[in-house]
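S.K.: Take a look at the following structure, please.
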Amino acid sequence: MYIATRIKLNPTKEQECLFWKSAGTARWTYNFFLAESERHYAEYLNGKHEKKTIKESDVRKYINNVLKKTTHQWLKEVGSNVMKQAVKDADKARKRWFDGVSGKPKFKSKRKSKVSFYVNYESLKRTKEGFRGEKIGVVKTYQPLPKLPKGENYSNPRISYDGRNWFLSVGYEIEYEKIELTDESLGIDVGIKELAVCSDGSFKKNINKTKEVRRLERKLKREQKKLSRKIQANIVAHTKNRKPIY
């Protein structure tokens, strides 16, 4: 079974600058493929092409062999898989539209679109401090990445920005122990004295009525009163020290 997780990052200023460049490259590449697809489709309607869709491999070759070497040398500053995956994402969105699965893909706006980019899963390695990625070096994280068995890789790793922090999203496979099911049925009755009474005669205690919970509730009330008194004292002190404005 595959599950996904999102981990908060603690990048350096240099890494954050590279993150923004990578996200910008992914957005530009996505829009470039959509523009080339629309141009190709218009020419197809005019009889210039036999197929209505353009190959994503042809677009990637054009970017790598022509644009990256001439007018768009800034593409070399980020990992090559950032551009490659953005083309594949746009191609997938385009095909889903032609198949009637989803709506027509829109061009990504710099202000409104999600800031994110793909990280090569083959070069993404877990480290003690965080992880190591293609061209971004070792990035520190606030929590460790999940451990994987030897020889396995994370699925669809992507770095994104939510307006305040950077995150790494990855998928990975885990194995659950199989549980043998029985034909027995169990009825549960929610009660007042007990949390639940089961048809097999067992009871489930309500943890909210334990001594520890009652102790913590009393402590919470005391702390709330202390905080309230501090706030009130600060208000009074501020009022006395305030100078008249007239």
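Ordered as shown in the structure tokens, chains take letters A, B, and onward, while each chain numbers its residues from 1 and ligands are numbered from 1 in the order shown.
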Could you name the residues that touch stretch 7-15 of chain A at 6 Å or less, counting only C-alpha atoms, but leaving out those on the same chain fewer than 6 positions away, as number ranges by chain?

M.R.: A: 139-142, 166-168

S.K.: Residues near stretch 124-130 of chain A, anyone? I mean within 8 Å using only C-alpha atoms, not counting same-chain ones fewer than 4 positions away, as a ChimeraX atom specification.

M.R.: /A:119-120,134,138-145,147,153-154

S.K.: Within stretch 8-183 of chain A, find each residue whose DSSP state, derived from the backbone, is strand (DSSP E), and express the selection as a PDB file with all heavy atoms, in the first residue's frame.

M.R.:
ATOM      1  N   LYS A   8       8.266  19.368   6.409  1.00  0.00           N
ATOM      2  CA  LYS A   8       8.694  20.767   6.369  1.00  0.00           C
ATOM      3  C   LYS A   8      10.204  20.849   6.212  1.00  0.00           C
ATOM      4  O   LYS A   8      10.951  20.100   6.853  1.00  0.00           O
ATOM      5  CB  LYS A   8       8.252  21.475   7.646  1.00  0.00           C
ATOM      6  CG  LYS A   8       8.556  22.973   7.666  1.00  0.00           C
ATOM      7  CD  LYS A   8       8.060  23.596   8.953  1.00  0.00           C
ATOM      8  CE  LYS A   8       8.409  25.070   9.023  1.00  0.00           C
ATOM      9  NZ  LYS A   8       7.952  25.687  10.296  1.00  0.00           N
ATOM     10  N   LEU A   9      10.660  21.776   5.356  1.00  0.00           N
ATOM     11  CA  LEU A   9      12.078  21.917   5.054  1.00  0.00           C
ATOM     12  C   LEU A   9      12.673  23.139   5.746  1.00  0.00           C
ATOM     13  O   LEU A   9      11.965  24.092   6.078  1.00  0.00           O
ATOM     14  CB  LEU A   9      12.291  22.033   3.544  1.00  0.00           C
ATOM     15  CG  LEU A   9      11.675  20.942   2.669  1.00  0.00           C
ATOM     16  CD1 LEU A   9      12.013  21.192   1.211  1.00  0.00           C
ATOM     17  CD2 LEU A   9      12.151  19.566   3.101  1.00  0.00           C
ATOM     18  N   ASN A  10      13.983  23.089   5.931  1.00  0.00           N
ATOM     19  CA  ASN A  10      14.729  24.213   6.503  1.00  0.00           C
ATOM     20  C   ASN A  10      15.906  24.534   5.583  1.00  0.00           C
ATOM     21  O   ASN A  10      17.062  24.280   5.921  1.00  0.00           O
ATOM     22  CB  ASN A  10      15.212  23.859   7.913  1.00  0.00           C
ATOM     23  CG  ASN A  10      15.905  25.031   8.595  1.00  0.00           C
ATOM     24  OD1 ASN A  10      15.704  26.190   8.243  1.00  0.00           O
ATOM     25  ND2 ASN A  10      16.751  24.726   9.579  1.00  0.00           N
ATOM     26  N   VAL A 115       3.267  26.961  -6.272  1.00  0.00           N
ATOM     27  CA  VAL A 115       4.723  26.971  -6.432  1.00  0.00           C
ATOM     28  C   VAL A 115       5.257  25.585  -6.077  1.00  0.00           C
ATOM     29  O   VAL A 115       5.260  25.193  -4.909  1.00  0.00           O
ATOM     30  CB  VAL A 115       5.369  28.040  -5.535  1.00  0.00           C
ATOM     31  CG1 VAL A 115       6.888  28.027  -5.697  1.00  0.00           C
ATOM     32  CG2 VAL A 115       4.808  29.417  -5.858  1.00  0.00           C
ATOM     33  N   SER A 116       5.689  24.839  -7.066  1.00  0.00           N
ATOM     34  CA  SER A 116       6.184  23.484  -6.816  1.00  0.00           C
ATOM     35  C   SER A 116       7.037  23.024  -7.993  1.00  0.00           C
ATOM     36  O   SER A 116       6.955  23.569  -9.089  1.00  0.00           O
ATOM     37  CB  SER A 116       5.021  22.504  -6.602  1.00  0.00           C
ATOM     38  OG  SER A 116       4.269  22.373  -7.792  1.00  0.00           O
ATOM     39  N   PHE A 117       7.837  22.001  -7.747  1.00  0.00           N
ATOM     40  CA  PHE A 117       8.643  21.396  -8.809  1.00  0.00           C
ATOM     41  C   PHE A 117       8.998  19.973  -8.410  1.00  0.00           C
ATOM     42  O   PHE A 117       8.948  19.592  -7.235  1.00  0.00           O
ATOM     43  CB  PHE A 117       9.908  22.213  -9.086  1.00  0.00           C
ATOM     44  CG  PHE A 117      10.852  22.327  -7.923  1.00  0.00           C
ATOM     45  CD1 PHE A 117      11.918  21.450  -7.770  1.00  0.00           C
ATOM     46  CD2 PHE A 117      10.686  23.320  -6.979  1.00  0.00           C
ATOM     47  CE1 PHE A 117      12.792  21.548  -6.705  1.00  0.00           C
ATOM     48  CE2 PHE A 117      11.552  23.434  -5.895  1.00  0.00           C
ATOM     49  CZ  PHE A 117      12.603  22.553  -5.767  1.00  0.00           C
ATOM     50  N   TYR A 118       9.370  19.195  -9.395  1.00  0.00           N
ATOM     51  CA  TYR A 118       9.669  17.781  -9.217  1.00  0.00           C
ATOM     52  C   TYR A 118      11.135  17.585  -8.844  1.00  0.00           C
ATOM     53  O   TYR A 118      12.010  18.307  -9.320  1.00  0.00           O
ATOM     54  CB  TYR A 118       9.346  17.031 -10.513  1.00  0.00           C
ATOM     55  CG  TYR A 118       9.716  15.572 -10.526  1.00  0.00           C
ATOM     56  CD1 TYR A 118       8.893  14.620  -9.942  1.00  0.00           C
ATOM     57  CD2 TYR A 118      10.897  15.143 -11.128  1.00  0.00           C
ATOM     58  CE1 TYR A 118       9.232  13.272  -9.960  1.00  0.00           C
ATOM     59  CE2 TYR A 118      11.240  13.799 -11.160  1.00  0.00           C
ATOM     60  CZ  TYR A 118      10.397  12.877 -10.568  1.00  0.00           C
ATOM     61  OH  TYR A 118      10.736  11.544 -10.598  1.00  0.00           O
ATOM     62  N   LYS A 125      18.056  11.005  -1.813  1.00  0.00           N
ATOM     63  CA  LYS A 125      18.559  10.067  -0.810  1.00  0.00           C
ATOM     64  C   LYS A 125      18.342  10.636   0.594  1.00  0.00           C
ATOM     65  O   LYS A 125      18.575  11.819   0.846  1.00  0.00           O
ATOM     66  CB  LYS A 125      20.052   9.802  -1.027  1.00  0.00           C
ATOM     67  CG  LYS A 125      20.388   9.244  -2.415  1.00  0.00           C
ATOM     68  CD  LYS A 125      19.729   7.898  -2.669  1.00  0.00           C
ATOM     69  CE  LYS A 125      20.089   7.367  -4.052  1.00  0.00           C
ATOM     70  NZ  LYS A 125      19.419   6.076  -4.355  1.00  0.00           N
ATOM     71  N   ARG A 126      17.918   9.780   1.490  1.00  0.00           N
ATOM     72  CA  ARG A 126      17.709  10.157   2.888  1.00  0.00           C
ATOM     73  C   ARG A 126      19.047  10.308   3.595  1.00  0.00           C
ATOM     74  O   ARG A 126      19.942   9.478   3.454  1.00  0.00           O
ATOM     75  CB  ARG A 126      16.872   9.087   3.582  1.00  0.00           C
ATOM     76  CG  ARG A 126      16.482   9.392   5.017  1.00  0.00           C
ATOM     77  CD  ARG A 126      15.614   8.260   5.539  1.00  0.00           C
ATOM     78  NE  ARG A 126      15.126   8.519   6.879  1.00  0.00           N
ATOM     79  CZ  ARG A 126      15.769   8.170   7.990  1.00  0.00           C
ATOM     80  NH1 ARG A 126      16.932   7.536   7.903  1.00  0.00           N
ATOM     81  NH2 ARG A 126      15.263   8.434   9.162  1.00  0.00           N
ATOM     82  N   GLY A 130      18.443  15.340   6.712  1.00  0.00           N
ATOM     83  CA  GLY A 130      17.263  15.515   5.870  1.00  0.00           C
ATOM     84  C   GLY A 130      17.323  14.644   4.632  1.00  0.00           C
ATOM     85  O   GLY A 130      17.107  13.444   4.695  1.00  0.00           O
ATOM     86  N   PHE A 131      17.686  15.264   3.488  1.00  0.00           N
ATOM     87  CA  PHE A 131      17.810  14.495   2.250  1.00  0.00           C
ATOM     88  C   PHE A 131      18.741  15.219   1.299  1.00  0.00           C
ATOM     89  O   PHE A 131      19.030  16.414   1.454  1.00  0.00           O
ATOM     90  CB  PHE A 131      16.434  14.306   1.585  1.00  0.00           C
ATOM     91  CG  PHE A 131      15.845  15.569   1.017  1.00  0.00           C
ATOM     92  CD1 PHE A 131      16.024  15.903  -0.324  1.00  0.00           C
ATOM     93  CD2 PHE A 131      15.115  16.435   1.809  1.00  0.00           C
ATOM     94  CE1 PHE A 131      15.502  17.076  -0.850  1.00  0.00           C
ATOM     95  CE2 PHE A 131      14.577  17.603   1.296  1.00  0.00           C
ATOM     96  CZ  PHE A 131      14.773  17.926  -0.034  1.00  0.00           C
ATOM     97  N   ARG A 132      19.203  14.495   0.294  1.00  0.00           N
ATOM     98  CA  ARG A 132      20.051  15.052  -0.747  1.00  0.00           C
ATOM     99  C   ARG A 132      19.319  14.935  -2.072  1.00  0.00           C
ATOM    100  O   ARG A 132      18.800  13.865  -2.420  1.00  0.00           O
ATOM    101  CB  ARG A 132      21.388  14.311  -0.812  1.00  0.00           C
ATOM    102  CG  ARG A 132      22.351  14.881  -1.861  1.00  0.00           C
ATOM    103  CD  ARG A 132      23.692  14.168  -1.833  1.00  0.00           C
ATOM    104  NE  ARG A 132      23.567  12.789  -2.306  1.00  0.00           N
ATOM    105  CZ  ARG A 132      23.638  11.727  -1.532  1.00  0.00           C
ATOM    106  NH1 ARG A 132      23.820  11.872  -0.227  1.00  0.00           N
ATOM    107  NH2 ARG A 132      23.516  10.508  -2.026  1.00  0.00           N
ATOM    108  N   GLY A 133      19.260  16.036  -2.826  1.00  0.00           N
ATOM    109  CA  GLY A 133      18.545  16.054  -4.091  1.00  0.00           C
ATOM    110  C   GLY A 133      19.403  16.551  -5.234  1.00  0.00           C
ATOM    111  O   GLY A 133      20.507  17.080  -5.033  1.00  0.00           O
ATOM    112  N   GLY A 137      21.709  19.808  -3.312  1.00  0.00           N
ATOM    113  CA  GLY A 137      22.550  19.413  -2.199  1.00  0.00           C
ATOM    114  C   GLY A 137      21.755  18.791  -1.058  1.00  0.00           C
ATOM    115  O   GLY A 137      20.642  18.305  -1.247  1.00  0.00           O
ATOM    116  N   VAL A 138      22.327  18.847   0.135  1.00  0.00           N
ATOM    117  CA  VAL A 138      21.686  18.289   1.326  1.00  0.00           C
ATOM    118  C   VAL A 138      20.782  19.355   1.942  1.00  0.00           C
ATOM    119  O   VAL A 138      21.237  20.430   2.329  1.00  0.00           O
ATOM    120  CB  VAL A 138      22.723  17.820   2.357  1.00  0.00           C
ATOM    121  CG1 VAL A 138      22.033  17.318   3.623  1.00  0.00           C
ATOM    122  CG2 VAL A 138      23.605  16.730   1.767  1.00  0.00           C
ATOM    123  N   VAL A 139      19.503  19.049   2.020  1.00  0.00           N
ATOM    124  CA  VAL A 139      18.512  19.980   2.572  1.00  0.00           C
ATOM    125  C   VAL A 139      18.095  19.473   3.953  1.00  0.00           C
ATOM    126  O   VAL A 139      17.736  18.301   4.118  1.00  0.00           O
ATOM    127  CB  VAL A 139      17.273  20.077   1.658  1.00  0.00           C
ATOM    128  CG1 VAL A 139      16.275  21.083   2.223  1.00  0.00           C
ATOM    129  CG2 VAL A 139      17.690  20.478   0.246  1.00  0.00           C
ATOM    130  N   LYS A 140      18.135  20.355   4.943  1.00  0.00           N
ATOM    131  CA  LYS A 140      17.729  19.986   6.293  1.00  0.00           C
ATOM    132  C   LYS A 140      16.207  19.958   6.395  1.00  0.00           C
ATOM    133  O   LYS A 140      15.517  20.759   5.759  1.00  0.00           O
ATOM    134  CB  LYS A 140      18.295  20.967   7.313  1.00  0.00           C
ATOM    135  CG  LYS A 140      19.816  20.930   7.433  1.00  0.00           C
ATOM    136  CD  LYS A 140      20.294  21.883   8.502  1.00  0.00           C
ATOM    137  CE  LYS A 140      21.819  21.837   8.647  1.00  0.00           C
ATOM    138  NZ  LYS A 140      22.301  22.767   9.689  1.00  0.00           N
ATOM    139  N   THR A 141      15.700  19.052   7.198  1.00  0.00           N
ATOM    140  CA  THR A 141      14.258  18.913   7.418  1.00  0.00           C
ATOM    141  C   THR A 141      13.965  18.955   8.913  1.00  0.00           C
ATOM    142  O   THR A 141      14.835  18.685   9.745  1.00  0.00           O
ATOM    143  CB  THR A 141      13.726  17.600   6.835  1.00  0.00           C
ATOM    144  OG1 THR A 141      14.399  16.499   7.471  1.00  0.00           O
ATOM    145  CG2 THR A 141      13.974  17.527   5.331  1.00  0.00           C
ATOM    146  N   SER A 155       8.336   7.774  -4.126  1.00  0.00           N
ATOM    147  CA  SER A 155       7.482   7.947  -5.293  1.00  0.00           C
ATOM    148  C   SER A 155       7.068   9.405  -5.457  1.00  0.00           C
ATOM    149  O   SER A 155       6.613  10.043  -4.500  1.00  0.00           O
ATOM    150  CB  SER A 155       6.235   7.065  -5.151  1.00  0.00           C
ATOM    151  OG  SER A 155       5.316   7.310  -6.194  1.00  0.00           O
ATOM    152  N   ASN A 156       7.240   9.923  -6.678  1.00  0.00           N
ATOM    153  CA  ASN A 156       6.792  11.260  -7.073  1.00  0.00           C
ATOM    154  C   ASN A 156       7.182  12.343  -6.054  1.00  0.00           C
ATOM    155  O   ASN A 156       6.331  13.068  -5.531  1.00  0.00           O
ATOM    156  CB  ASN A 156       5.267  11.262  -7.260  1.00  0.00           C
ATOM    157  CG  ASN A 156       4.782  12.484  -8.005  1.00  0.00           C
ATOM    158  OD1 ASN A 156       5.498  13.080  -8.797  1.00  0.00           O
ATOM    159  ND2 ASN A 156       3.543  12.884  -7.751  1.00  0.00           N
ATOM    160  N   PRO A 157       8.467  12.497  -5.744  1.00  0.00           N
ATOM    161  CA  PRO A 157       8.873  13.546  -4.797  1.00  0.00           C
ATOM    162  C   PRO A 157       8.762  14.940  -5.410  1.00  0.00           C
ATOM    163  O   PRO A 157       9.217  15.164  -6.529  1.00  0.00           O
ATOM    164  CB  PRO A 157      10.330  13.187  -4.499  1.00  0.00           C
ATOM    165  CG  PRO A 157      10.791  12.440  -5.706  1.00  0.00           C
ATOM    166  CD  PRO A 157       9.605  11.718  -6.251  1.00  0.00           C
ATOM    167  N   ARG A 158       8.182  15.843  -4.668  1.00  0.00           N
ATOM    168  CA  ARG A 158       8.011  17.221  -5.126  1.00  0.00           C
ATOM    169  C   ARG A 158       8.207  18.183  -3.974  1.00  0.00           C
ATOM    170  O   ARG A 158       7.797  17.906  -2.847  1.00  0.00           O
ATOM    171  CB  ARG A 158       6.636  17.434  -5.766  1.00  0.00           C
ATOM    172  CG  ARG A 158       6.435  16.637  -7.060  1.00  0.00           C
ATOM    173  CD  ARG A 158       5.059  16.825  -7.632  1.00  0.00           C
ATOM    174  NE  ARG A 158       4.841  15.953  -8.771  1.00  0.00           N
ATOM    175  CZ  ARG A 158       4.885  16.347 -10.060  1.00  0.00           C
ATOM    176  NH1 ARG A 158       5.136  17.603 -10.337  1.00  0.00           N
ATOM    177  NH2 ARG A 158       4.670  15.477 -11.023  1.00  0.00           N
ATOM    178  N   ILE A 159       8.808  19.330  -4.283  1.00  0.00           N
ATOM    179  CA  ILE A 159       8.997  20.403  -3.309  1.00  0.00           C
ATOM    180  C   ILE A 159       8.008  21.507  -3.635  1.00  0.00           C
ATOM    181  O   ILE A 159       7.864  21.902  -4.797  1.00  0.00           O
ATOM    182  CB  ILE A 159      10.444  20.929  -3.348  1.00  0.00           C
ATOM    183  CG1 ILE A 159      11.402  19.858  -2.833  1.00  0.00           C
ATOM    184  CG2 ILE A 159      10.580  22.198  -2.507  1.00  0.00           C
ATOM    185  CD1 ILE A 159      12.866  20.264  -2.874  1.00  0.00           C
ATOM    186  N   SER A 160       7.318  22.018  -2.616  1.00  0.00           N
ATOM    187  CA  SER A 160       6.297  23.042  -2.823  1.00  0.00           C
ATOM    188  C   SER A 160       6.415  24.119  -1.752  1.00  0.00           C
ATOM    189  O   SER A 160       7.059  23.926  -0.709  1.00  0.00           O
ATOM    190  CB  SER A 160       4.892  22.418  -2.787  1.00  0.00           C
ATOM    191  OG  SER A 160       4.655  21.811  -1.531  1.00  0.00           O
ATOM    192  N   TYR A 161       5.760  25.251  -2.011  1.00  0.00           N
ATOM    193  CA  TYR A 161       5.777  26.407  -1.112  1.00  0.00           C
ATOM    194  C   TYR A 161       4.341  26.828  -0.838  1.00  0.00           C
ATOM    195  O   TYR A 161       3.543  26.986  -1.761  1.00  0.00           O
ATOM    196  CB  TYR A 161       6.542  27.562  -1.771  1.00  0.00           C
ATOM    197  CG  TYR A 161       6.729  28.779  -0.908  1.00  0.00           C
ATOM    198  CD1 TYR A 161       7.558  28.745   0.211  1.00  0.00           C
ATOM    199  CD2 TYR A 161       6.079  29.971  -1.217  1.00  0.00           C
ATOM    200  CE1 TYR A 161       7.737  29.865   0.995  1.00  0.00           C
ATOM    201  CE2 TYR A 161       6.257  31.103  -0.442  1.00  0.00           C
ATOM    202  CZ  TYR A 161       7.092  31.043   0.668  1.00  0.00           C
ATOM    203  OH  TYR A 161       7.266  32.167   1.451  1.00  0.00           O
ATOM    204  N   TRP A 166       8.592  25.881   2.961  1.00  0.00           N
ATOM    205  CA  TRP A 166       8.823  24.910   1.902  1.00  0.00           C
ATOM    206  C   TRP A 166       8.594  23.503   2.450  1.00  0.00           C
ATOM    207  O   TRP A 166       8.909  23.223   3.613  1.00  0.00           O
ATOM    208  CB  TRP A 166      10.240  25.024   1.358  1.00  0.00           C
ATOM    209  CG  TRP A 166      10.501  26.278   0.603  1.00  0.00           C
ATOM    210  CD1 TRP A 166      11.003  27.450   1.092  1.00  0.00           C
ATOM    211  CD2 TRP A 166      10.251  26.508  -0.791  1.00  0.00           C
ATOM    212  NE1 TRP A 166      11.088  28.394   0.102  1.00  0.00           N
ATOM    213  CE2 TRP A 166      10.634  27.846  -1.065  1.00  0.00           C
ATOM    214  CE3 TRP A 166       9.759  25.728  -1.830  1.00  0.00           C
ATOM    215  CZ2 TRP A 166      10.526  28.393  -2.342  1.00  0.00           C
ATOM    216  CZ3 TRP A 166       9.659  26.278  -3.092  1.00  0.00           C
ATOM    217  CH2 TRP A 166      10.038  27.595  -3.337  1.00  0.00           C
ATOM    218  N   PHE A 167       8.050  22.620   1.615  1.00  0.00           N
ATOM    219  CA  PHE A 167       7.744  21.266   2.027  1.00  0.00           C
ATOM    220  C   PHE A 167       8.202  20.287   0.949  1.00  0.00           C
ATOM    221  O   PHE A 167       8.229  20.616  -0.238  1.00  0.00           O
ATOM    222  CB  PHE A 167       6.245  21.076   2.265  1.00  0.00           C
ATOM    223  CG  PHE A 167       5.707  21.859   3.432  1.00  0.00           C
ATOM    224  CD1 PHE A 167       5.246  23.154   3.251  1.00  0.00           C
ATOM    225  CD2 PHE A 167       5.661  21.311   4.697  1.00  0.00           C
ATOM    226  CE1 PHE A 167       4.751  23.884   4.310  1.00  0.00           C
ATOM    227  CE2 PHE A 167       5.164  22.032   5.765  1.00  0.00           C
ATOM    228  CZ  PHE A 167       4.707  23.321   5.581  1.00  0.00           C
ATOM    229  N   LEU A 168       8.534  19.074   1.396  1.00  0.00           N
ATOM    230  CA  LEU A 168       8.817  17.966   0.491  1.00  0.00           C
ATOM    231  C   LEU A 168       7.705  16.942   0.636  1.00  0.00           C
ATOM    232  O   LEU A 168       7.431  16.469   1.747  1.00  0.00           O
ATOM    233  CB  LEU A 168      10.161  17.317   0.815  1.00  0.00           C
ATOM    234  CG  LEU A 168      10.471  16.023   0.068  1.00  0.00           C
ATOM    235  CD1 LEU A 168      10.689  16.297  -1.419  1.00  0.00           C
ATOM    236  CD2 LEU A 168      11.685  15.316   0.667  1.00  0.00           C
ATOM    237  N   SER A 169       7.069  16.595  -0.479  1.00  0.00           N
ATOM    238  CA  SER A 169       6.018  15.577  -0.485  1.00  0.00           C
ATOM    239  C   SER A 169       6.538  14.344  -1.196  1.00  0.00           C
ATOM    240  O   SER A 169       7.055  14.446  -2.313  1.00  0.00           O
ATOM    241  CB  SER A 169       4.763  16.098  -1.184  1.00  0.00           C
ATOM    242  OG  SER A 169       4.269  17.268  -0.547  1.00  0.00           O
ATOM    243  N   VAL A 170       6.405  13.206  -0.546  1.00  0.00           N
ATOM    244  CA  VAL A 170       6.866  11.946  -1.134  1.00  0.00           C
ATOM    245  C   VAL A 170       5.832  10.851  -0.863  1.00  0.00           C
ATOM    246  O   VAL A 170       5.046  10.937   0.080  1.00  0.00           O
ATOM    247  CB  VAL A 170       8.234  11.498  -0.572  1.00  0.00           C
ATOM    248  CG1 VAL A 170       9.326  12.475  -0.943  1.00  0.00           C
ATOM    249  CG2 VAL A 170       8.160  11.322   0.946  1.00  0.00           C
ATOM    250  N   GLY A 171       5.840   9.857  -1.706  1.00  0.00           N
ATOM    251  CA  GLY A 171       5.033   8.670  -1.481  1.00  0.00           C
ATOM    252  C   GLY A 171       5.947   7.479  -1.281  1.00  0.00           C
ATOM    253  O   GLY A 171       7.062   7.442  -1.814  1.00  0.00           O
ATOM    254  N   TYR A 172       5.491   6.529  -0.517  1.00  0.00           N
ATOM    255  CA  TYR A 172       6.293   5.330  -0.290  1.00  0.00           C
ATOM    256  C   TYR A 172       5.373   4.172   0.060  1.00  0.00           C
ATOM    257  O   TYR A 172       4.224   4.362   0.477  1.00  0.00           O
ATOM    258  CB  TYR A 172       7.323   5.552   0.823  1.00  0.00           C
ATOM    259  CG  TYR A 172       6.737   5.913   2.161  1.00  0.00           C
ATOM    260  CD1 TYR A 172       6.591   4.962   3.170  1.00  0.00           C
ATOM    261  CD2 TYR A 172       6.341   7.222   2.428  1.00  0.00           C
ATOM    262  CE1 TYR A 172       6.062   5.292   4.400  1.00  0.00           C
ATOM    263  CE2 TYR A 172       5.808   7.563   3.663  1.00  0.00           C
ATOM    264  CZ  TYR A 172       5.672   6.600   4.633  1.00  0.00           C
ATOM    265  OH  TYR A 172       5.135   6.931   5.853  1.00  0.00           O
ATOM    266  N   GLU A 173       5.884   2.978  -0.126  1.00  0.00           N
ATOM    267  CA  GLU A 173       5.089   1.776   0.064  1.00  0.00           C
ATOM    268  C   GLU A 173       5.353   1.155   1.425  1.00  0.00           C
ATOM    269  O   GLU A 173       6.507   1.070   1.865  1.00  0.00           O
ATOM    270  CB  GLU A 173       5.402   0.760  -1.037  1.00  0.00           C
ATOM    271  CG  GLU A 173       4.486  -0.453  -1.050  1.00  0.00           C
ATOM    272  CD  GLU A 173       4.776  -1.392  -2.196  1.00  0.00           C
ATOM    273  OE1 GLU A 173       5.794  -1.181  -2.888  1.00  0.00           O
ATOM    274  OE2 GLU A 173       3.988  -2.337  -2.408  1.00  0.00           O
TER     275      GLU A 173
END

S.K.: Between A:Met83, A:Ile207, A:Ala26, A:Val101, which residue has the minimum interatomic distance to A:Asn64, considering only C-alpha atoms?

M.R.: A:Met83

S.K.: What is the distance, in Å and to one decimal place, between atom CA of A:Ser57 and atom CA of A:Phe33?

M.R.: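 A separation of 10.7 Å between them.
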
S.K.: If DSSP is run on the backbone, what residues of stretch 2-124 of chain A are alpha helix (DSSP H)? A reply as a ChimeraX atom specification would be ideal.

M.R.: /A:13-45,56-62,80-98

S.K.: Calculated over only C-alpha atoms, which of the candidates A:Asn165, A:Ser123, A:Thr53, A:Thr182 has the smallest distance to A:Glu152?

M.R.: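 Closest candidate: A:Ser123.
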
S.K.: Between atom CA of A:Ile188 and atom CA of A:Asn208, what is the distance in Å, rounded to a tenth?

M.R.: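 Pair atom CA of A:Ile188 / atom CA of A:Asn208 returns 18.9 Å.
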
S.K.: Please identify every residue of stretch 96-127 of chain A that has at least one atom no farther than 12 Å from an atom of stretch 38-52 of chain A, counting only C-alpha atoms, and for each give the shortest atom pair and the distance in Å to one decimal, arranged by chain then increasing number, as a tab-separated table.

M.R.:
residue	atom	partner	partner_atom	distance
A:Phe98	CA	A:Lys52	CA	9.8
A:Lys104	CA	A:Glu38	CA	11.1
A:Pro105	CA	A:Glu38	CA	11.0
A:Lys106	CA	A:Glu38	CA	11.4
A:Phe107	CA	A:Glu38	CA	11.4

S.K.: What does the distance between atom CA of A:Asn65 and atom CA of A:Thr29 come to in Å, to one decimal place?

M.R.: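 Taking atom CA of A:Asn65 and atom CA of A:Thr29, their separation equals 14.5 Å.
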